[in-house]
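Engineer: Here's a structure for you.
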Amino acid sequence: MVDPLTQTDLRQSSSLLNPGESVSTFSLKILIADDTPINVKQLEVVAARLGHRTVVAYDGAAALAAFQAEAPDLVFMDIMMPGMDGISAVRKIRELPAEKWTPIIFYSALDRMQDIVSGLEAGGDDYLAKPASTQLLKAKINSYARQIALQSKLQDYAEELARWREDSEEQTRLGAHVMARLTDAAGLRDPMLRSFNLPAETFSGDLLCAARAPGDVLNLLLADAAGHGLAAALSAMPLTQAFYSMTAKGFPLASIAEELNRKLKAILPADRFVAATLASVDVRNRTVEVWNGGNPDALFLNVHGEVAMRWPSRHPPLGILPESVFSGVSETVVFQEPGDLILSSDGLTEAENQAGAWLGINGVIDLLGGSRETDARFKGLLDGVDQHLQGEPARDDISCLMVAVPIERRREFRFSAPKLINQSQFAEWRLDLSYSAQELRYIDVVPAVLGLATQLQALKEHQGALFLVLSELFNNALDHGLLGLDSITKSWIGGFEIYMQQRAERLARLTEGRIDLSFLLHQDEARAVLDISLNDSGPGFDFNSRLGDQAALSESNDQVFGRGIGLVRSLCDQVIYSGTGNKVWCRYVVSDLVQDQVGASADLTGL
Amino acid sequence: MQITLDVTAGKAVLSLDGRFDFHSHRDFRTAYEGALADPAVREIVINFQKVDYLDSSALGMLLLLREKSESAGKAVSLSGLQGMVKQVLEIANFGKLFAVHG
């Protein structure tokens with residue numbers, strides 16, 4: 001049976017519908033709970049007109065069951081129904097765990113204030129008195145459809161955000177794992193070294209690297225990529241491999257800086273860069289060399305807590321300048337007293353307290369100067385940073401590398417006894433190289449040559465000693481033979497720096513000259529030996545008077561210039577100068593050769 | 001951060017006011033893109049007089065501007081450096097990358 005009034009209403013209302021709003025693009029599932037079919041019909045017709053689906057329940061218990069089974073978007077609820085009434089049904093519905101917001105509209109003939117209030121208190125969202133015109137019902141449904149659409153959009157955003165968050169956490173976990181593996185180098189556990197790296201987020205974008213170069217030089221890298229967290233770490237990661245492999249081969253700091261910059265420039269976008277400090281601590285030669293691009297001053301503090309040397313940032317960070325303009329020029333300083341070398345990222349100097357004040361480079365120096373001994377100094381700095389932050393999380397990654405630099409009176413090299421070589425495995429090897437001035441200006445000859453030589457199994461474990469021998473011989477040939485530098489300069493106060501500067505200037509202008517090197521690995525009686533000879537095209541020197549009486553060289557002189565040759569003599573079996581002093585030949589003992597097992601057993605069977 | 005753009009005699013001056021950090025990305029780009037597209041502009045000056053904070057992403061934005069203006073054949077310079085801003089730009093040696101006036 002159809003109520004004629006409702007029919008008229010519907011016809012009227014359909015003519016009032018604008019085409020755009022007649023069917024909502026957002027289709028709802030509407031639960032209608034009413035025991036009177038005529039009321040159900042009215043709502044069904046309006047809902048269908050608007051493009052919504054309906055589910056019908058004829059009493060409270062059925063409404064509760066339908067709500068659970070169908071998860072409707074909107075509910076029209078009558079109050080007076082057989083069995084469970086509408087208010088009890090809503091109360092029970094609201095006790096159910098809810099994943100989304102489902103508005104419930106009481107649609108009832110009861111229209112006293114108390115009915116309205118108890119309906120809303122039971123968990124209803126709205127109240128409509130029966131009978132409502134089709135027009136009003138339509139407007140109500142449209143109004144709720146808009147709110148539900150908005151709500152559902154918000155819910156989608158929230159879910160998307162939660163998925164993003166999960167993804168991001170997963171990426172961070174992976175990033176932290178890879179970063180930890182990449183940066184966990186044995187070099188960072190060097191007894192001379194202490195370090196900390198406090199991340200602003202889950203993990204730090206600052207990168208610390210340390211490794212021994214051949215000849216026992218300690219190389220360090222402290223890199224701080226723009227930003228922090230995963231993105232920053234990603235920018236700094238390519239640096240590790242190049243740093244470690246070039247350090248192992250004995251490349252100079254300037255060449256390492258150039259390579260790191262070239263690498264980053266090639267892969268990073270224009271707005272990303274990496275501030276970096278590279279340092280090289282050479283205890284034997286008592287020098288500290290630093291290249292600083294964009295980091296706070298590197299510091300050398302003596303035992304009294306005074307800043308004996310400092311290296312401010314002289315270059316833009318890595319990854320900005322093209323190769324043609326980039327400068328790997330570093331600053332080398334001779335130290336006369338023991339102390340600590342400190343490298344840090346700007347997270348340290350820019351650590352903010354609650355008042356917004358930075359710790360500053362002077363704050364760092366004060367904290368370090370508070371103690372005389374390295375470990376206490378290191379702890380003093382860590383505690384001081386903690387205190388300065390006053391329990392607030394740091395805004396940027398904070399990292400620091402600290403090297404305890406000693407003065408060593410004895411400079412002996414103890415290399416482990418070489419492995420014996422089986423005679424049948426041994427083969428002669430010969431290498432002749434010749435470098436002209438053009439090549440000498442830009443090639444790192446010693447690492448290049450050493451790289452070739454140490455590919456031979458027999459020479460691999462001699463890399464450290466060979467690096468020292470070759471460096472001394474080659475630097476003598478280049479510095480004194482071709483560049484005409486005088487080692488006496490190094491003995492002046494500040495002379496080492498002058499010497500290094502003259503060397504760089506003269507090398508850049510070098511147009512003539514040549515250095516020849518030759519290597520011969522062969523058998524000498526029961527030993528494997530490597531003969532090294534070097535000729536330079538320079539004028540030579542009076543080797544008889546300079547080297548004739550080694551014993552006469554005092555300790556202090558030895559430190560400055562006699563030492564190089566002394567070192568070569570201690571590492572080699574023989575060292576012979578010839579020509580005008582522009583030729584040097586030396587013999588390095590690689591190992592004893594032994595008869596191998598197969599040969600020995602053959603002898604026995606022969607008996 | 002507030003940005004005001006003032007173009008006179010072929011020179012576009014972007015005066016920044018406030019914190020120049022990651023959140024300034026869109027505003028800063030919108031401000032300089034207008035100046036880059038304007039054929040009458042030959043030089044872009046970034047005025048830091050009223051900037052009280054600068055982070056590494058701000059440095060990145062300056063590098064991006066430098067690259068874009070190079071390809072557009074326009075000069076970029078920095079002015080009004082003071083306090084913390086001056087310190088940060090000095091440590092990063094941006095004086096080697098940009099012309100700096102006062």
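Each chain in the structure tokens gets a letter, A, B and so on, in the order shown; residues start at 1 in every chain, and ligands are counted from 1 in the order they appear.
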Write out as JSON lines a residue-level contact list of chain B versus chain A with cut-off 7 Å: for each qualifying residue the closest pair of atoms and the distance in Å to one decimal, counting only C-alpha atoms, rows sorted by chain and residue number upward.
Structural biologist:
{"residue": "B:Ser56", "atom": "CA", "partner": "A:Ala226", "partner_atom": "CA", "distance": 5.4}
{"residue": "B:Ser57", "atom": "CA", "partner": "A:Ala226", "partner_atom": "CA", "distance": 6.6}
{"residue": "B:Gly60", "atom": "CA", "partner": "A:Asp271", "partner_atom": "CA", "distance": 3.9}
{"residue": "B:Met61", "atom": "CA", "partner": "A:Asp271", "partner_atom": "CA", "distance": 5.9}
{"residue": "B:Leu63", "atom": "CA", "partner": "A:Asp271", "partner_atom": "CA", "distance": 5.5}
{"residue": "B:Leu64", "atom": "CA", "partner": "A:Asp271", "partner_atom": "CA", "distance": 5.3}
{"residue": "B:Ile91", "atom": "CA", "partner": "A:Gly294", "partner_atom": "CA", "distance": 5.2}
{"residue": "B:Ala92", "atom": "CA", "partner": "A:Gly294", "partner_atom": "CA", "distance": 4.2}
{"residue": "B:Asn93", "atom": "CA", "partner": "A:Pro316", "partner_atom": "CA", "distance": 4.8}
{"residue": "B:Phe94", "atom": "CA", "partner": "A:Pro316", "partner_atom": "CA", "distance": 6.5}
Engineer: Can I get the selection written as an mmCIF file, in the first residue's frame, with N, CA and C atoms?
Structural biologist:
data_model
loop_
_atom_site.group_PDB
_atom_site.id
_atom_site.type_symbol
_atom_site.label_atom_id
_atom_site.label_comp_id
_atom_site.auth_asym_id
_atom_site.auth_seq_id
_atom_site.Cartn_x
_atom_site.Cartn_y
_atom_site.Cartn_z
ATOM 1 N N SER B 56 71.207 24.378 6.140
ATOM 2 C CA SER B 56 71.900 23.847 4.969
ATOM 3 C C SER B 56 70.972 23.715 3.762
ATOM 4 N N SER B 57 69.668 23.568 3.998
ATOM 5 C CA SER B 57 68.805 23.496 2.813
ATOM 6 C C SER B 57 68.682 24.876 2.160
ATOM 7 N N GLY B 60 71.493 25.062 -0.093
ATOM 8 C CA GLY B 60 71.145 24.284 -1.279
ATOM 9 C C GLY B 60 70.295 25.096 -2.255
ATOM 10 N N MET B 61 69.352 25.877 -1.700
ATOM 11 C CA MET B 61 68.486 26.693 -2.561
ATOM 12 C C MET B 61 69.302 27.757 -3.281
ATOM 13 N N LEU B 63 72.424 27.452 -4.138
ATOM 14 C CA LEU B 63 73.191 26.757 -5.179
ATOM 15 C C LEU B 63 72.324 26.480 -6.411
ATOM 16 N N LEU B 64 71.057 26.141 -6.137
ATOM 17 C CA LEU B 64 70.121 25.880 -7.226
ATOM 18 C C LEU B 64 69.874 27.160 -8.036
ATOM 19 N N ILE B 91 81.861 29.927 6.592
ATOM 20 C CA ILE B 91 82.355 28.557 6.809
ATOM 21 C C ILE B 91 82.156 27.726 5.540
ATOM 22 N N ALA B 92 81.028 27.952 4.848
ATOM 23 C CA ALA B 92 80.771 27.202 3.615
ATOM 24 C C ALA B 92 81.550 27.788 2.429
ATOM 25 N N ASN B 93 82.317 28.876 2.677
ATOM 26 C CA ASN B 93 83.098 29.532 1.613
ATOM 27 C C ASN B 93 82.251 29.910 0.405
ATOM 28 N N PHE B 94 81.044 30.406 0.662
ATOM 29 C CA PHE B 94 80.177 30.793 -0.447
ATOM 30 C C PHE B 94 80.691 32.042 -1.160
#
Engineer: List the spatial neighbours of region 10-24 of chain B as number ranges by chain - criterion: any atom at most 10 Å away, only C-alpha atoms, same-chain residues fewer than 3 positions off excluded.
Structural biologist: A: 227; B: 1-7, 27-29, 31-32, 34-36, 38-61, 74-80, 85
Engineer: Applying 9 Å and only C-alpha atoms, which residues near Lys583 (chain A) remain after dropping the ones on its own chain fewer than 5 positions away? List them as a ChimeraX atom specification.
Structural biologist: /A:477,533-536,540,576-578
Engineer: Given the selection you just returned, output its residues as a file containing C-alpha atoms, formatted as a compact mmCIF listing (two decimals), in the first residue's frame.
Structural biologist:
# COMPACT_ATOMS: atom_id res chain seq x y z
CA ALA A 477 114.51 12.80 -6.60
CA SER A 533 116.70 2.05 -8.94
CA LEU A 534 115.81 5.67 -9.47
CA ASN A 535 117.45 8.24 -11.76
CA ASP A 536 116.52 11.85 -11.95
CA GLY A 540 122.58 15.43 -8.11
CA ILE A 576 124.20 2.82 -3.25
CA TYR A 577 124.37 6.33 -4.74
CA SER A 578 126.17 6.88 -8.00
Engineer: Within 10 Å of Asp592 (chain A), counting only C-alpha atoms, which residues qualify if same-chain residues fewer than 2 places away don't, as a ChimeraX atom specification?
Structural biologist: /A:418-423,523-529,589-590,594
Engineer: Would you mind exporting the chosen residues as a CSV table (one decimal), in the first residue's frame, restricted to all heavy atoms?
Structural biologist:
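What follows is the written file part_23.csv:
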chain,number,residue,atom,x,y,z
A,418,PRO,N,108.3,-11.8,7.1
A,418,PRO,CA,107.6,-12.2,5.8
A,418,PRO,C,107.4,-13.7,5.7
A,418,PRO,O,108.2,-14.5,6.2
A,418,PRO,CB,108.5,-11.7,4.7
A,418,PRO,CG,109.8,-11.6,5.4
A,418,PRO,CD,109.6,-11.3,6.8
A,419,LYS,N,106.4,-14.1,5.0
A,419,LYS,CA,106.1,-15.5,4.7
A,419,LYS,C,107.1,-16.0,3.8
A,419,LYS,O,107.6,-15.3,2.9
A,419,LYS,CB,104.7,-15.6,4.0
A,419,LYS,CG,103.5,-15.4,5.0
A,419,LYS,CD,102.3,-15.9,4.3
A,419,LYS,CE,101.0,-15.3,4.8
A,419,LYS,NZ,100.7,-14.0,4.1
A,420,LEU,N,107.5,-17.2,4.0
A,420,LEU,CA,108.5,-17.9,3.1
A,420,LEU,C,107.8,-18.1,1.8
A,420,LEU,O,106.6,-18.4,1.7
A,420,LEU,CB,109.0,-19.2,3.7
A,420,LEU,CG,109.7,-19.0,5.1
A,420,LEU,CD1,110.1,-20.4,5.6
A,420,LEU,CD2,110.9,-18.1,4.9
A,421,ILE,N,108.6,-18.1,0.7
A,421,ILE,CA,108.1,-18.3,-0.6
A,421,ILE,C,108.6,-19.6,-1.2
A,421,ILE,O,109.8,-19.9,-1.1
A,421,ILE,CB,108.4,-17.1,-1.6
A,421,ILE,CG1,107.9,-15.8,-1.0
A,421,ILE,CG2,107.9,-17.4,-3.0
A,421,ILE,CD1,108.4,-14.6,-1.9
A,422,ASN,N,107.7,-20.4,-1.7
A,422,ASN,CA,108.2,-21.7,-2.3
A,422,ASN,C,108.9,-21.3,-3.6
A,422,ASN,O,108.3,-20.6,-4.4
A,422,ASN,CB,107.0,-22.6,-2.6
A,422,ASN,CG,106.5,-23.2,-1.3
A,422,ASN,OD1,107.2,-23.3,-0.3
A,422,ASN,ND2,105.3,-23.8,-1.3
A,423,GLN,N,110.0,-22.0,-3.8
A,423,GLN,CA,110.8,-21.7,-5.0
A,423,GLN,C,110.0,-21.9,-6.3
A,423,GLN,O,110.1,-21.1,-7.2
A,423,GLN,CB,112.0,-22.6,-5.0
A,423,GLN,CG,113.2,-22.0,-5.8
A,423,GLN,CD,114.5,-22.3,-5.2
A,423,GLN,OE1,114.6,-23.3,-4.5
A,423,GLN,NE2,115.5,-21.5,-5.5
A,523,GLN,N,115.9,-13.7,-7.8
A,523,GLN,CA,116.5,-14.6,-6.8
A,523,GLN,C,117.9,-14.2,-6.6
A,523,GLN,O,118.7,-14.1,-7.6
A,523,GLN,CB,116.3,-16.1,-7.2
A,523,GLN,CG,116.8,-17.0,-6.2
A,523,GLN,CD,116.6,-18.5,-6.6
A,523,GLN,OE1,115.8,-18.7,-7.5
A,523,GLN,NE2,117.1,-19.4,-5.8
A,524,ASP,N,118.3,-14.0,-5.4
A,524,ASP,CA,119.7,-13.8,-5.1
A,524,ASP,C,120.1,-14.8,-4.0
A,524,ASP,O,119.7,-14.7,-2.9
A,524,ASP,CB,119.9,-12.4,-4.5
A,524,ASP,CG,121.3,-12.1,-4.0
A,524,ASP,OD1,122.3,-12.3,-4.8
A,524,ASP,OD2,121.4,-11.8,-2.8
A,525,GLU,N,120.9,-15.8,-4.5
A,525,GLU,CA,121.2,-17.0,-3.6
A,525,GLU,C,119.9,-17.6,-3.1
A,525,GLU,O,119.0,-17.9,-4.0
A,525,GLU,CB,122.1,-16.6,-2.5
A,525,GLU,CG,123.5,-16.2,-3.1
A,525,GLU,CD,124.5,-15.7,-2.1
A,525,GLU,OE1,124.1,-15.6,-0.9
A,525,GLU,OE2,125.6,-15.4,-2.5
A,526,ALA,N,119.7,-17.7,-1.8
A,526,ALA,CA,118.4,-18.4,-1.4
A,526,ALA,C,117.4,-17.4,-1.0
A,526,ALA,O,116.5,-17.7,-0.2
A,526,ALA,CB,118.8,-19.3,-0.2
A,527,ARG,N,117.5,-16.1,-1.5
A,527,ARG,CA,116.5,-15.1,-1.1
A,527,ARG,C,115.8,-14.6,-2.3
A,527,ARG,O,116.4,-14.5,-3.4
A,527,ARG,CB,117.2,-13.9,-0.4
A,527,ARG,CG,118.1,-14.3,0.8
A,527,ARG,CD,118.7,-13.1,1.4
A,527,ARG,NE,119.5,-12.4,0.4
A,527,ARG,CZ,120.2,-11.2,0.8
A,527,ARG,NH1,120.0,-10.7,2.0
A,527,ARG,NH2,120.9,-10.6,-0.2
A,528,ALA,N,114.6,-14.1,-2.1
A,528,ALA,CA,113.9,-13.3,-3.1
A,528,ALA,C,114.2,-11.8,-2.8
A,528,ALA,O,114.0,-11.4,-1.6
A,528,ALA,CB,112.4,-13.5,-3.1
A,529,VAL,N,114.7,-11.1,-3.7
A,529,VAL,CA,115.0,-9.7,-3.5
A,529,VAL,C,114.4,-8.8,-4.5
A,529,VAL,O,114.2,-9.2,-5.6
A,529,VAL,CB,116.6,-9.4,-3.4
A,529,VAL,CG1,117.2,-10.2,-2.3
A,529,VAL,CG2,117.2,-9.8,-4.8
A,589,VAL,N,115.1,-7.0,0.7
A,589,VAL,CA,115.0,-8.4,0.8
A,589,VAL,C,113.5,-8.7,1.1
A,589,VAL,O,112.9,-8.3,2.0
A,589,VAL,CB,115.8,-9.0,2.0
A,589,VAL,CG1,115.6,-10.5,2.1
A,589,VAL,CG2,117.3,-8.6,1.8
A,590,VAL,N,112.9,-9.5,0.1
A,590,VAL,CA,111.5,-9.8,0.2
A,590,VAL,C,111.3,-11.0,1.2
A,590,VAL,O,110.5,-11.0,2.1
A,590,VAL,CB,111.0,-10.2,-1.2
A,590,VAL,CG1,109.5,-10.6,-1.1
A,590,VAL,CG2,111.1,-9.0,-2.1
A,594,VAL,N,112.3,-21.2,-0.2
A,594,VAL,CA,112.5,-22.5,0.4
A,594,VAL,C,112.1,-23.5,-0.7
A,594,VAL,O,111.3,-23.3,-1.6
A,594,VAL,CB,111.6,-22.8,1.6
A,594,VAL,CG1,112.1,-22.0,2.8
A,594,VAL,CG2,110.1,-22.5,1.3
Engineer: Looking only at alpha helix (DSSP H) from DSSP on the backbone, list the matching residues of region 193-336 of chain A as an NGL selection string.
Structural biologist: :A and (230-236 or 238-248 or 253-267)
Engineer: Would you give me, as number ranges by chain, the residues in chain B that DSSP reads as strand (DSSP E)?
Structural biologist: B: 2-8, 11-20, 43-54, 75-79, 99-101
Engineer: Limited to N, CA and C atoms, could you put the picked residues into a file as a compact mmCIF listing (two decimals), in the first residue's frame?
Structural biologist:
# COMPACT_ATOMS: atom_id res chain seq x y z
N GLN B 2 59.39 36.13 4.93
CA GLN B 2 58.79 37.07 3.98
C GLN B 2 59.81 37.40 2.90
N ILE B 3 59.35 37.49 1.66
CA ILE B 3 60.26 37.88 0.57
C ILE B 3 59.64 39.05 -0.18
N THR B 4 60.40 40.12 -0.34
CA THR B 4 59.91 41.20 -1.19
C THR B 4 60.84 41.34 -2.39
N LEU B 5 60.23 41.54 -3.55
CA LEU B 5 60.99 41.64 -4.79
C LEU B 5 60.91 43.07 -5.30
N ASP B 6 62.07 43.62 -5.64
CA ASP B 6 62.11 45.00 -6.09
C ASP B 6 63.00 45.05 -7.33
N VAL B 7 62.41 45.37 -8.48
CA VAL B 7 63.19 45.41 -9.72
C VAL B 7 63.39 46.84 -10.16
N THR B 8 64.67 47.25 -10.22
CA THR B 8 64.97 48.58 -10.76
C THR B 8 66.21 48.49 -11.63
N LYS B 11 68.07 45.30 -12.23
CA LYS B 11 68.53 44.59 -11.04
C LYS B 11 67.34 44.17 -10.20
N ALA B 12 67.23 42.85 -9.93
CA ALA B 12 66.13 42.34 -9.10
C ALA B 12 66.68 42.09 -7.70
N VAL B 13 66.14 42.80 -6.73
CA VAL B 13 66.60 42.59 -5.35
C VAL B 13 65.53 41.80 -4.59
N LEU B 14 65.92 40.60 -4.10
CA LEU B 14 65.03 39.80 -3.27
C LEU B 14 65.43 40.03 -1.82
N SER B 15 64.59 40.75 -1.08
CA SER B 15 64.89 40.99 0.33
C SER B 15 64.18 39.95 1.18
N LEU B 16 64.98 39.19 1.92
CA LEU B 16 64.43 38.11 2.75
C LEU B 16 64.28 38.60 4.18
N ASP B 17 63.24 38.10 4.86
CA ASP B 17 63.00 38.54 6.23
C ASP B 17 62.55 37.33 7.06
N GLY B 18 63.36 36.96 8.06
CA GLY B 18 62.97 35.85 8.94
C GLY B 18 63.93 34.68 8.84
N ARG B 19 63.38 33.48 9.03
CA ARG B 19 64.19 32.25 8.98
C ARG B 19 64.22 31.71 7.57
N PHE B 20 65.43 31.54 7.04
CA PHE B 20 65.58 30.99 5.69
C PHE B 20 65.94 29.51 5.86
N GLU B 43 70.70 41.10 -13.26
CA GLU B 43 71.37 40.69 -12.03
C GLU B 43 70.35 40.43 -10.93
N ILE B 44 70.58 39.38 -10.16
CA ILE B 44 69.69 39.09 -9.02
C ILE B 44 70.50 39.24 -7.74
N VAL B 45 70.00 40.08 -6.84
CA VAL B 45 70.69 40.30 -5.57
C VAL B 45 69.83 39.73 -4.44
N ILE B 46 70.44 38.89 -3.60
CA ILE B 46 69.71 38.37 -2.45
C ILE B 46 70.15 39.17 -1.23
N ASN B 47 69.19 39.87 -0.63
CA ASN B 47 69.51 40.72 0.52
C ASN B 47 69.19 39.99 1.83
N PHE B 48 70.23 39.74 2.63
CA PHE B 48 70.10 38.96 3.87
C PHE B 48 69.99 39.83 5.13
N GLN B 49 69.84 41.16 4.93
CA GLN B 49 69.86 42.09 6.06
C GLN B 49 68.96 41.65 7.22
N LYS B 50 67.77 41.11 6.88
CA LYS B 50 66.81 40.78 7.95
C LYS B 50 66.65 39.28 8.16
N VAL B 51 67.66 38.51 7.73
CA VAL B 51 67.59 37.05 7.94
C VAL B 51 68.29 36.72 9.25
N ASP B 52 67.60 35.97 10.14
CA ASP B 52 68.25 35.67 11.42
C ASP B 52 68.67 34.21 11.54
N TYR B 53 68.30 33.41 10.54
CA TYR B 53 68.68 31.99 10.61
C TYR B 53 68.77 31.43 9.20
N LEU B 54 69.75 30.56 9.00
CA LEU B 54 70.02 30.00 7.68
C LEU B 54 70.45 28.55 7.89
N ALA B 75 73.61 37.32 -13.46
CA ALA B 75 74.52 37.25 -12.32
C ALA B 75 73.71 37.15 -11.02
N VAL B 76 74.28 36.47 -10.03
CA VAL B 76 73.64 36.42 -8.70
C VAL B 76 74.64 36.94 -7.68
N SER B 77 74.19 37.79 -6.77
CA SER B 77 75.09 38.22 -5.71
C SER B 77 74.36 38.23 -4.38
N LEU B 78 75.14 38.21 -3.30
CA LEU B 78 74.59 38.20 -1.95
C LEU B 78 74.94 39.52 -1.28
N SER B 79 73.99 40.08 -0.52
CA SER B 79 74.29 41.31 0.19
C SER B 79 73.66 41.31 1.58
N ALA B 99 79.24 36.44 -5.88
CA ALA B 99 79.74 37.78 -5.58
C ALA B 99 79.06 38.24 -4.30
N VAL B 100 79.83 38.87 -3.42
CA VAL B 100 79.26 39.33 -2.15
C VAL B 100 79.48 40.83 -2.00
N HIS B 101 78.42 41.60 -1.81
CA HIS B 101 78.60 43.01 -1.45
C HIS B 101 78.16 43.21 -0.02
Engineer: What lies within 8 Å of region 478-484 of chain A using only C-alpha atoms, ignoring chain neighbours under 5 positions off, as a list in words?
Structural biologist: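 My reading of the contact set: Arg503, Arg506, Leu507, Leu510, Gly513, Arg514, Ile515, Asp536, Ser537, Gly538, Pro539, Gly540 and Asn582 of chain A.
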Engineer: When you count only C-alpha atoms, which of these residues is closest to Thr247 (chain A): A:Gly384, A:Gly215, A:Gly51, A:Pro97?
Structural biologist: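 Of A:Gly384, A:Gly215, A:Gly51, A:Pro97, the one nearest Thr247 (chain A) is A:Gly215, counting only C-alpha atoms.
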